[in-house]
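The file query.tsv comes next; it holds TSV, C-alpha atoms and all ligand atoms.
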chain	number	residue	atom	x	y	z
Q	1	MET	CA	58.06	99.47	124.81
Q	2	PRO	CA	61.14	97.34	123.85
Q	3	GLY	CA	62.98	100.01	121.86
Q	4	ILE	CA	66.29	100.28	120.05
Q	5	PHE	CA	69.31	100.60	122.32
Q	6	ALA	CA	71.93	103.20	121.31
Q	7	PHE	CA	75.24	103.35	123.16
Q	8	ALA	CA	76.33	106.96	123.56
Q	9	GLU	CA	80.10	107.04	123.83
Q	10	THR	CA	81.63	109.86	125.84
Q	11	ARG	CA	85.16	111.04	126.37
Q	12	ASP	CA	86.13	113.34	129.22
Q	13	GLY	CA	82.44	114.01	129.92
Q	14	GLU	CA	81.73	115.07	126.33
Q	15	ILE	CA	79.49	113.16	123.97
Q	16	ARG	CA	81.45	111.99	120.95
Q	17	LYS	CA	80.33	112.60	117.38
Q	18	VAL	CA	79.98	108.85	116.80
Q	19	ALA	CA	77.33	108.78	119.54
Q	20	HIS	CA	75.13	111.14	117.51
Q	21	GLU	CA	75.63	108.95	114.45
Q	22	VAL	CA	74.58	105.85	116.42
Q	23	VAL	CA	71.48	107.62	117.79
Q	24	THR	CA	70.54	108.83	114.28
Q	25	ALA	CA	70.81	105.25	112.91
Q	26	ALA	CA	68.80	103.94	115.88
Q	27	ARG	CA	66.12	106.53	115.09
Q	28	SER	CA	65.69	105.20	111.55
Q	29	LEU	CA	65.35	101.61	112.83
Q	30	ALA	CA	62.91	102.69	115.55
Q	31	ASP	CA	60.74	104.52	113.01
Q	32	ALA	CA	60.68	101.45	110.77
Q	33	LEU	CA	59.69	99.19	113.68
Q	34	GLY	CA	57.34	101.68	115.34
Q	35	THR	CA	59.32	101.74	118.57
Q	36	GLU	CA	61.49	104.11	120.65
Q	37	VAL	CA	65.19	104.93	120.85
Q	38	HIS	CA	66.77	104.37	124.26
Q	39	ALA	CA	70.18	106.02	124.43
Q	40	VAL	CA	72.40	105.06	127.35
Q	41	LEU	CA	75.45	106.95	128.49
Q	42	LEU	CA	77.73	105.92	131.31
Q	43	GLY	CA	80.35	108.12	132.85
Q	44	GLY	CA	81.68	109.82	135.94
Q	45	PRO	CA	79.71	112.37	138.00
Q	46	GLY	CA	78.48	115.26	135.79
Q	47	THR	CA	77.84	113.12	132.70
Q	48	ALA	CA	74.13	114.01	132.71
Q	49	ALA	CA	74.94	117.56	131.64
Q	50	ALA	CA	75.68	116.32	128.13
Q	51	SER	CA	72.57	114.16	127.75
Q	52	ALA	CA	70.17	116.71	126.16
Q	53	GLU	CA	72.21	116.65	122.94
Q	54	LEU	CA	71.19	113.02	122.38
Q	55	GLY	CA	67.51	113.89	122.44
Q	56	ARG	CA	68.11	116.36	119.63
Q	57	HIS	CA	69.52	113.55	117.50
Q	58	GLY	CA	66.50	111.32	117.91
Q	59	ALA	CA	66.62	109.57	121.30
Q	60	ASP	CA	63.18	109.30	122.91
Q	61	LYS	CA	64.69	108.42	126.28
Q	62	VAL	CA	68.20	109.11	127.49
Q	63	PHE	CA	69.33	106.95	130.42
Q	64	VAL	CA	72.31	108.32	132.30
Q	65	GLY	CA	74.42	106.18	134.62
Q	66	GLU	CA	76.83	108.27	136.69
Q	67	SER	CA	79.40	106.65	138.92
Q	68	ASP	CA	83.03	107.17	139.89
Q	69	ALA	CA	83.49	103.59	138.69
Q	70	PHE	CA	82.59	104.71	135.16
Q	71	ALA	CA	84.76	107.79	134.92
Q	72	ASN	CA	86.96	105.64	132.66
Q	73	TYR	CA	85.82	102.81	130.40
Q	74	SER	CA	85.63	99.48	132.19
Q	75	ALA	CA	84.94	96.47	129.95
Q	76	GLU	CA	83.43	94.34	132.73
Q	77	GLY	CA	81.41	97.10	134.36
Q	78	PHE	CA	80.01	98.55	131.13
Q	79	THR	CA	79.14	95.07	129.82
Q	80	THR	CA	77.24	94.19	132.99
Q	81	VAL	CA	75.21	97.40	133.08
Q	82	ILE	CA	74.44	97.48	129.35
Q	83	ALA	CA	73.59	93.79	128.95
Q	84	GLY	CA	71.33	94.13	132.02
Q	85	PHE	CA	69.63	97.20	130.53
Q	86	ILE	CA	69.02	95.52	127.16
Q	87	GLN	CA	67.66	92.39	128.82
Q	88	GLU	CA	65.37	94.37	131.10
Q	89	HIS	CA	63.98	96.43	128.23
Q	90	GLY	CA	63.86	93.55	125.72
Q	91	CYS	CA	65.44	95.78	123.04
Q	92	ASP	CA	65.02	94.76	119.38
Q	93	ALA	CA	68.49	95.98	118.42
Q	94	ALA	CA	71.56	97.35	120.17
Q	95	LEU	CA	73.78	99.79	118.26
Q	96	PHE	CA	77.34	100.77	119.15
Q	97	PRO	CA	79.95	102.82	117.30
Q	98	ALA	CA	82.71	100.79	115.63
Q	99	SER	CA	85.23	102.90	117.57
Q	100	SER	CA	88.02	101.27	119.60
Q	101	LEU	CA	85.76	101.31	122.65
Q	102	GLY	CA	82.67	100.13	120.74
Q	103	ARG	CA	84.56	97.26	119.11
Q	104	ASP	CA	85.63	96.12	122.56
Q	105	LEU	CA	82.25	96.53	124.24
Q	106	ALA	CA	79.68	95.40	121.64
Q	107	PRO	CA	80.90	91.79	121.21
Q	108	ARG	CA	81.15	91.40	124.99
Q	109	VAL	CA	77.53	92.51	125.32
Q	110	ALA	CA	76.47	90.14	122.52
Q	111	ALA	CA	78.30	87.24	124.18
Q	112	ARG	CA	76.72	88.05	127.54
Q	113	LEU	CA	73.28	88.03	125.89
Q	114	GLY	CA	74.04	84.89	123.87
Q	115	VAL	CA	73.32	86.50	120.49
Q	116	GLY	CA	75.30	87.19	117.32
Q	117	TYR	CA	77.23	90.35	116.51
Q	118	ALA	CA	77.90	92.20	113.25
Q	119	ASN	CA	80.90	94.52	113.28
Q	120	ASP	CA	81.60	97.68	111.28
Q	121	CYS	CA	78.22	97.97	109.53
Q	122	VAL	CA	77.74	100.61	106.83
Q	123	ALA	CA	73.92	100.37	106.55
Q	124	VAL	CA	71.06	99.13	108.73
Q	125	GLU	CA	67.45	98.64	107.78
Q	126	VAL	CA	64.34	96.65	108.57
Q	127	GLN	CA	63.24	93.98	106.08
Q	128	GLY	CA	60.08	92.04	106.84
Q	129	GLY	CA	60.24	93.05	110.49
Q	130	GLN	CA	63.85	91.84	110.81
Q	131	VAL	CA	66.93	94.01	111.38
Q	132	VAL	CA	69.34	93.64	108.45
Q	133	ALA	CA	72.85	95.11	108.43
Q	134	THR	CA	75.23	95.65	105.52
Q	135	ARG	CA	78.94	95.18	106.13
Q	136	PRO	CA	82.05	94.99	103.96
Q	137	GLU	CA	84.09	91.78	104.26
Q	138	TYR	CA	87.51	90.56	103.14
Q	139	SER	CA	88.97	94.06	103.20
Q	140	GLY	CA	86.05	95.50	101.25
Q	141	LYS	CA	86.22	92.96	98.40
Q	142	LEU	CA	82.63	91.98	98.99
Q	143	VAL	CA	79.66	93.36	100.83
Q	144	THR	CA	77.30	91.10	102.77
Q	145	GLN	CA	73.88	91.58	104.29
Q	146	VAL	CA	73.46	90.03	107.70
Q	147	ALA	CA	70.03	89.34	109.17
Q	148	ALA	CA	69.89	88.93	112.92
Q	149	THR	CA	68.12	85.72	113.89
Q	150	GLY	CA	68.17	86.33	117.65
Q	151	LYS	CA	67.11	89.38	119.63
Q	152	PRO	CA	68.58	91.87	120.02
Q	153	ALA	CA	70.56	92.41	116.82
Q	154	VAL	CA	73.91	93.67	118.17
Q	155	LEU	CA	75.70	95.88	115.64
Q	156	SER	CA	78.58	98.31	115.57
Q	157	LEU	CA	78.47	101.12	113.01
Q	158	ARG	CA	81.35	102.54	111.01
Q	159	ALA	CA	82.12	106.19	111.80
Q	160	ASN	CA	81.19	108.92	109.29
Q	161	VAL	CA	78.75	106.70	107.39
Q	162	PHE	CA	75.55	107.43	109.32
Q	163	LEU	CA	75.49	111.19	109.17
Q	164	ALA	CA	74.04	112.63	112.37
Q	165	THR	CA	70.87	114.62	111.82
Q	166	GLU	CA	69.10	116.88	114.28
Q	167	ASN	CA	65.57	116.42	115.46
Q	168	ALA	CA	63.36	119.13	116.97
Q	169	LYS	CA	62.13	116.92	119.81
Q	170	ALA	CA	64.17	116.74	123.02
Q	171	GLY	CA	64.46	113.29	124.64
Q	172	GLU	CA	63.40	112.61	128.20
Q	173	VAL	CA	66.35	112.11	130.58
Q	174	GLN	CA	66.15	109.33	133.17
Q	175	THR	CA	68.61	108.14	135.77
Q	176	LEU	CA	69.99	104.65	135.42
Q	177	ASP	CA	70.84	102.56	138.47
Q	178	VAL	CA	74.52	101.72	138.13
Q	179	SER	CA	75.16	100.12	141.49
Q	180	VAL	CA	77.60	97.49	140.25
Q	181	ASN	CA	80.19	95.97	142.52
Q	182	GLN	CA	83.68	97.14	141.58
Q	183	ALA	CA	85.04	93.87	143.00
Q	184	ASP	CA	83.44	92.14	139.99
Q	185	PHE	CA	85.48	94.23	137.55
Q	186	GLY	CA	88.31	92.28	135.95
Q	187	ALA	CA	90.35	95.48	135.91
Q	188	ILE	CA	89.82	99.09	136.93
Q	189	VAL	CA	91.15	101.84	134.66
Q	190	ARG	CA	92.55	104.55	136.94
Q	191	GLU	CA	93.78	107.02	134.35
Q	192	ILE	CA	93.91	107.49	130.60
Q	193	LYS	CA	96.74	109.57	129.18
Q	194	ALA	CA	95.99	111.09	125.82
Q	195	GLY	CA	98.55	110.76	123.04
Q	196	ALA	CA	100.62	113.72	121.92
Q	197	ALA	CA	98.64	116.90	121.22
Q	198	GLU	CA	95.23	115.15	121.52
Q	199	LYS	CA	94.99	114.83	117.76
Q	200	MET	CA	91.78	113.94	115.95
Q	201	ASP	CA	91.39	110.19	115.46
Q	202	VAL	CA	91.98	109.23	111.84
Q	203	GLY	CA	89.13	106.70	112.09
Q	204	GLU	CA	86.58	109.37	112.93
Q	205	ALA	CA	87.75	112.54	111.18
Q	206	PRO	CA	85.49	113.83	108.38
Q	207	ILE	CA	88.60	114.68	106.33
Q	208	VAL	CA	91.75	112.54	106.19
Q	209	VAL	CA	94.97	113.69	104.60
Q	210	SER	CA	97.20	110.62	104.25
Q	211	GLY	CA	100.83	110.37	103.25
Q	212	GLY	CA	102.94	107.54	101.92
Q	213	ARG	CA	106.53	106.74	101.04
Q	214	GLY	CA	106.35	109.35	98.29
Q	215	LEU	CA	106.72	112.02	101.01
Q	216	GLY	CA	110.39	111.02	101.09
Q	217	SER	CA	111.10	111.74	104.77
Q	218	PRO	CA	109.28	112.10	108.10
Q	219	GLU	CA	110.03	115.86	108.07
Q	220	ASN	CA	107.99	116.27	104.87
Q	221	PHE	CA	104.86	115.25	106.75
Q	222	LYS	CA	104.84	118.89	107.89
Q	223	LEU	CA	103.35	119.59	104.44
Q	224	LEU	CA	100.45	117.27	105.26
Q	225	GLU	CA	100.03	118.63	108.79
Q	226	ASP	CA	99.76	122.13	107.32
Q	227	LEU	CA	97.09	120.97	104.88
Q	228	ALA	CA	95.16	119.20	107.65
Q	229	GLU	CA	95.36	122.32	109.82
Q	230	ALA	CA	94.07	124.48	106.97
Q	231	PHE	CA	90.79	122.53	107.15
Q	232	GLY	CA	90.23	124.14	110.55
Q	233	GLY	CA	90.30	121.20	112.95
Q	234	LYS	CA	88.21	118.94	110.71
Q	235	ALA	CA	91.07	116.89	109.29
Q	236	ALA	CA	93.37	114.19	110.62
Q	237	VAL	CA	96.69	113.01	109.21
Q	238	GLY	CA	96.81	109.37	108.08
Q	239	ALA	CA	99.64	107.19	106.79
Q	240	SER	CA	100.38	104.14	104.68
Q	241	ARG	CA	101.97	101.12	106.27
Q	242	ALA	CA	105.25	101.75	104.47
Q	243	VAL	CA	105.81	104.96	106.44
Q	244	VAL	CA	104.57	103.46	109.71
Q	245	ASP	CA	106.94	100.50	109.32
Q	246	ALA	CA	109.74	102.97	108.60
Q	247	GLY	CA	108.97	104.69	111.92
Q	248	TRP	CA	108.00	107.99	110.27
Q	249	ARG	CA	104.47	108.00	111.71
Q	250	PRO	CA	102.73	106.24	114.65
Q	251	HIS	CA	100.69	103.10	114.03
Q	252	ALA	CA	97.56	104.90	115.28
Q	253	GLU	CA	97.59	106.80	111.97
Q	254	GLN	CA	97.91	103.77	109.69
Q	255	VAL	CA	95.08	103.30	107.22
Q	256	GLY	CA	94.46	99.91	105.66
Q	257	GLN	CA	94.04	96.22	106.20
Q	258	THR	CA	96.35	96.09	109.20
Q	259	GLY	CA	95.56	99.66	110.28
Q	260	LYS	CA	92.32	101.58	110.60
Q	261	THR	CA	89.32	101.52	108.30
Q	262	VAL	CA	88.21	105.05	107.54
Q	263	SER	CA	85.13	106.43	105.78
Q	264	PRO	CA	85.62	110.19	105.74
Q	265	THR	CA	83.79	112.58	103.47
Q	266	LEU	CA	87.12	113.49	101.86
Q	267	TYR	CA	90.28	111.34	101.68
Q	268	ILE	CA	93.39	112.89	100.18
Q	269	ALA	CA	96.09	110.29	99.38
Q	270	VAL	CA	99.48	111.89	98.87
Q	271	GLY	CA	102.47	109.89	97.60
Q	272	ILE	CA	100.59	106.62	98.18
Q	273	SER	CA	100.68	104.03	95.40
Q	274	GLY	CA	97.31	102.44	96.26
Q	275	ALA	CA	98.20	98.85	97.19
Q	276	VAL	CA	95.14	96.64	97.82
Q	277	GLN	CA	95.94	96.54	101.52
Q	278	HIS	CA	95.79	100.35	101.67
Q	279	LEU	CA	92.61	100.54	99.58
Q	280	ALA	CA	90.97	98.08	102.01
Q	281	GLY	CA	91.00	100.82	104.63
Q	282	MET	CA	89.80	103.83	102.65
Q	283	ARG	CA	87.89	102.87	99.52
Q	284	THR	CA	84.51	103.67	101.16
Q	285	ALA	CA	85.47	107.35	101.57
Q	286	ARG	CA	82.89	109.57	99.86
Q	287	TYR	CA	85.42	111.50	97.76
Q	288	ILE	CA	88.96	110.37	97.10
Q	289	VAL	CA	91.61	112.75	95.82
Q	290	ALA	CA	94.99	111.28	94.84
Q	291	ILE	CA	98.26	113.14	94.31
Q	292	ASN	CA	100.97	111.04	92.70
Q	293	LYS	CA	103.73	111.67	90.20
Q	294	ASP	CA	103.12	108.30	88.50
Q	295	PRO	CA	100.06	108.48	86.21
Q	296	GLU	CA	99.86	104.64	86.31
Q	297	ALA	CA	99.65	104.47	90.14
Q	298	PRO	CA	96.76	102.15	91.15
Q	299	ILE	CA	95.39	104.79	93.54
Q	300	PHE	CA	94.02	106.66	90.50
Q	301	LYS	CA	91.67	103.72	89.78
Q	302	VAL	CA	89.68	104.48	92.94
Q	303	ALA	CA	90.17	108.27	92.98
Q	304	ASP	CA	87.35	110.66	92.11
Q	305	TYR	CA	89.94	113.36	91.38
Q	306	GLY	CA	93.54	112.69	90.47
Q	307	ILE	CA	96.43	115.12	90.33
Q	308	VAL	CA	99.53	113.86	88.51
Q	309	GLY	CA	102.58	115.73	89.69
Q	310	ASP	CA	105.17	116.33	92.38
Q	311	LEU	CA	103.58	116.61	95.81
Q	312	HIS	CA	106.21	119.14	96.90
Q	313	GLN	CA	104.82	121.59	94.35
Q	314	ILE	CA	101.15	120.68	94.73
Q	315	LEU	CA	100.71	120.51	98.52
Q	316	PRO	CA	101.75	124.10	99.42
Q	317	ARG	CA	99.44	125.49	96.73
Q	318	MET	CA	96.57	123.27	97.80
Q	319	THR	CA	97.05	124.32	101.45
Q	320	GLU	CA	97.00	127.98	100.43
Q	321	GLU	CA	93.74	127.49	98.49
Q	322	VAL	CA	92.12	125.57	101.35
Q	323	ARG	CA	93.11	128.37	103.78
Q	324	LYS	CA	91.45	130.93	101.50
Q	325	MET	CA	88.36	128.75	101.15
Q	326	MET	CA	88.03	128.27	104.92
Q	327	ALA	CA	88.69	131.92	105.80
Q	401	LIG	P1	104.85	102.96	97.77
Q	401	LIG	O1	104.11	101.78	97.26
Q	401	LIG	O2	106.32	102.94	97.72
Q	401	LIG	O3	104.29	104.21	96.96
Q	401	LIG	C1	104.84	105.49	97.00
Q	401	LIG	C2	104.13	106.31	95.94
Q	401	LIG	O4	104.57	107.65	96.03
Q	401	LIG	C3	104.40	105.85	94.50
Q	401	LIG	O5	103.16	105.59	93.85
Q	401	LIG	C4	105.14	107.02	93.86
Q	401	LIG	O6	104.80	107.20	92.50
Q	401	LIG	C5	104.67	108.17	94.70
Q	401	LIG	N1	105.60	109.29	94.78
Q	401	LIG	C6	106.94	109.26	95.00
Q	401	LIG	N2	107.46	110.50	95.02
Q	401	LIG	C7	106.44	111.36	94.78
Q	401	LIG	C8	106.33	112.77	94.66
Q	401	LIG	N3	107.42	113.55	94.83
Q	401	LIG	N4	105.14	113.31	94.38
Q	401	LIG	C9	104.04	112.54	94.22
Q	401	LIG	N5	104.06	111.17	94.33
Q	401	LIG	C10	105.25	110.60	94.60
Q	401	LIG	N6	99.69	99.13	103.50
Q	401	LIG	C11	98.93	100.11	104.01
Q	401	LIG	O7	99.01	101.26	103.61
Q	401	LIG	N7	98.08	99.82	105.04
Q	401	LIG	C12	97.92	98.57	105.55
Q	401	LIG	O8	97.15	98.40	106.49
Q	401	LIG	C13	98.71	97.53	104.99
Q	401	LIG	N8	98.58	96.28	105.44
Q	401	LIG	C14	99.30	95.27	104.83
Q	401	LIG	C15	99.11	93.94	105.22
Q	401	LIG	C16	99.82	92.93	104.60
Q	401	LIG	C17	99.57	91.51	105.04
Q	401	LIG	C18	100.75	93.23	103.59
Q	401	LIG	C19	101.51	92.14	102.91
Q	401	LIG	C20	100.96	94.53	103.20
Q	401	LIG	C21	100.25	95.57	103.82
Q	401	LIG	N9	100.43	96.90	103.45
Q	401	LIG	C22	99.61	97.87	103.97
Q	401	LIG	C23	101.56	97.31	102.55
Q	401	LIG	C24	101.15	97.55	101.13
Q	401	LIG	O9	101.19	96.35	100.39
Q	401	LIG	C25	102.09	98.58	100.46
Q	401	LIG	O10	103.41	98.08	100.56
Q	401	LIG	C26	102.06	99.96	101.09
Q	401	LIG	O11	100.73	100.41	101.17
Q	401	LIG	C27	102.86	100.93	100.22
Q	401	LIG	O12	102.91	102.16	100.84
Q	401	LIG	P2	103.08	103.49	99.99
Q	401	LIG	O13	101.96	103.60	99.02
Q	401	LIG	O14	103.28	104.60	100.95
Q	401	LIG	O15	104.49	103.28	99.28

The structure in this file should be written as structure tokens.
Amino acid sequence: MPGIFAFAETRDGEIRKVAHEVVTAARSLADALGTEVHAVLLGGPGTAAASAELGRHGADKVFVGESDAFANYSAEGFTTVIAGFIQEHGCDAALFPASSLGRDLAPRVAARLGVGYANDCVAVEVQGGQVVATRPEYSGKLVTQVAATGKPAVLSLRANVFLATENAKAGEVQTLDVSVNQADFGAIVREIKAGAAEKMDVGEAPIVVSGGRGLGSPENFKLLEDLAEAFGGKAAVGASRAVVDAGWRPHAEQVGQTGKTVSPTLYIAVGISGAVQHLAGMRTARYIVAINKDPEAPIFKVADYGIVGDLHQILPRMTEEVRKMMA
């Protein structure tokens, strides 16, 4: 059976949350087309231990490729194995997360297969037997539907949009032959050093607490870090470009047109005016809360809840309430 390919991204031997979201989306396409979900995970020795989780999220078959060569992501090696797998199985669609790794890998696979690629999709469905993806364009100013003309439809999916659901049935685990020649790799990644404190990625966190120039100084971001911490490991700190350009926060935290696009369940914008370039990166969040002392700030136009006032007074009280709520 051709099936829907789902790329299961791992990090340090653990399956990432985005992998469950990709498998869940693949399940819905497979059900609509009457086919199976084939999840593939590649990693170093021991990767198979994590594979059962994917079955619970809707994979009929989980193919595990273990090799020392795949302990770290290799663009060439992963592309070769995955494109080969998709070709061999004649998959109808190939889904990847729109994570940093997925955005690197998916277009390479599409190019290798000679088909088109739709990036950062927020919905996928089957219309008249064809896979159709919905994706925002021009910084979210318009939304387009893209129908794949070739097979497979290669898509990457925005994090936190396809909520992972569990499935009672466990998938069948199979071993994948990953005997690729390391000499063919353009580069071999020997080691990956995590950034400071292994913080949650702002692009994937279910809650994002972002700060702008209104914070007044880099030290005041402690107020936001406290609020993020109060959510019990579910929140990441984000930033506007103004504070990244000022060197207050790292670029990895920047949300917006020239930063990351985020779609968390909850986005709290603190001391951020709401310039179009910032909105481009966060307007698809499910709930937006804005804290700003200027009642005319544009951020209030997209906010579900707005608090007009001084963030220095509001943030400590909000953190206290969140702590109580989470206790
Ligand atoms: P400001 O616009 O200065 O807003 C600060 C806000 O804080 C104000 O609304 C003020 O009322 C409020 N405030 C001040 N003190 C307090 C207080 N005590 N309590 C409560 N509120 C307070 N920007 C991005 O964010 N991301 C991008 O990716 C991005 N890409 C860009 C790309 C291009 C090509 C260009 C030209 C610009 C880009 N920008 C981007 C910049 C963008 O246009 C804005 O300049 C930037 O977003 C402003 O950041 P800010 O909201 O933190 O600062």

Q | Surrounding residues of Pro295 of chain Q excluding itself and chain neighbours under 5 positions, 9 Å, all atoms listed in the file, as a VMD selection string | A | chain Q and resid 300 306 to 309

For the selection you just gave me, I'd like the residues written to a file as an mmCIF file, in the frame of the given file, keeping C-alpha atoms.
data_model
loop_
_atom_site.group_PDB
_atom_site.id
_atom_site.type_symbol
_atom_site.label_atom_id
_atom_site.label_comp_id
_atom_site.auth_asym_id
_atom_site.auth_seq_id
_atom_site.Cartn_x
_atom_site.Cartn_y
_atom_site.Cartn_z
ATOM 1 C CA PHE Q 300 94.020 106.660 90.500
ATOM 2 C CA GLY Q 306 93.540 112.690 90.470
ATOM 3 C CA ILE Q 307 96.430 115.120 90.330
ATOM 4 C CA VAL Q 308 99.530 113.860 88.510
ATOM 5 C CA GLY Q 309 102.580 115.730 89.690
#

(Q) Given the point (79.7, 100.3, 129.8) in the coordinates of this file, which residues lie within 10 Å, counting only C-alpha atoms, and how would they look as an MDAnalysis selection string? (A) chainID Q and resid 7:9 40:43 65 70 72:83 101:102 105:106 109 178

Could you pull the residues within 9 Å of segment 244-246 of chain Q, counting all atoms listed in the file, minus those fewer than 6 positions along the same chain, as a PDB file with C-alpha atoms, keeping the file's coordinate frame?
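Ended up saving to around-v1.pdb:
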ATOM      1  CA  GLY Q 212     102.940 107.540 101.920  1.00  0.00           C
ATOM      2  CA  GLU Q 253      97.590 106.800 111.970  1.00  0.00           C
ATOM      3  CA  GLN Q 254      97.910 103.770 109.690  1.00  0.00           C
TER       4      GLN Q 254
END

Using only C-alpha atoms and all ligand atoms, which residues of chain Q come within 6 Å of ligand LIG 401 (chain Q), and what is the closest atom pair for each, with the distance in Å to one decimal? Give it as a tab-separated table, sorted by chain and residue number.
residue	atom	partner	partner_atom	distance
Q:Gly212	CA	Q:LIG401	O14	3.1
Q:Arg213	CA	Q:LIG401	O14	3.9
Q:Gly214	CA	Q:LIG401	O4	3.3
Q:Ser240	CA	Q:LIG401	O7	3.4
Q:Arg241	CA	Q:LIG401	C11	3.9
Q:Ala242	CA	Q:LIG401	O12	4.3
Q:Val255	CA	Q:LIG401	N7	5.1
Q:Gly256	CA	Q:LIG401	O8	3.2
Q:Gln257	CA	Q:LIG401	O8	3.8
Q:Thr258	CA	Q:LIG401	O8	3.6
Q:Gly259	CA	Q:LIG401	O8	4.3
Q:Gly271	CA	Q:LIG401	O4	3.4
Q:Ile272	CA	Q:LIG401	O13	3.4
Q:Ser273	CA	Q:LIG401	O5	3.3
Q:Gly274	CA	Q:LIG401	O13	5.5
Q:Ala275	CA	Q:LIG401	O11	5.0
Q:Gln277	CA	Q:LIG401	C13	4.5
Q:His278	CA	Q:LIG401	O7	3.9
Q:Ile291	CA	Q:LIG401	C9	5.8
Q:Asn292	CA	Q:LIG401	N5	3.5
Q:Lys293	CA	Q:LIG401	C9	4.1
Q:Asp294	CA	Q:LIG401	O6	4.5
Q:Ala297	CA	Q:LIG401	O5	5.2
Q:Gly309	CA	Q:LIG401	C9	5.7
Q:Asp310	CA	Q:LIG401	N4	3.6
Q:Leu311	CA	Q:LIG401	N4	3.9

(Q) If I take atom CA of Pro264 of chain Q and atom CA of Thr24 of chain Q, how far is one from the other in Å, to one decimal? (A) 17.4 Å

Q) Distance atom CA of Val173 of chain Q-atom CA of Lys61 of chain Q, one decimal place? A)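 Calculated distance between atom CA of Val173 of chain Q and atom CA of Lys61 of chain Q is 5.9 Å.
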
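Compared by their closest atoms to His251 of chain Q, and using all atoms listed in the file, the residues Q:Val322, Q:Val276, Q:Ala25, Q:Val202 rank with Q:Val202 nearest.
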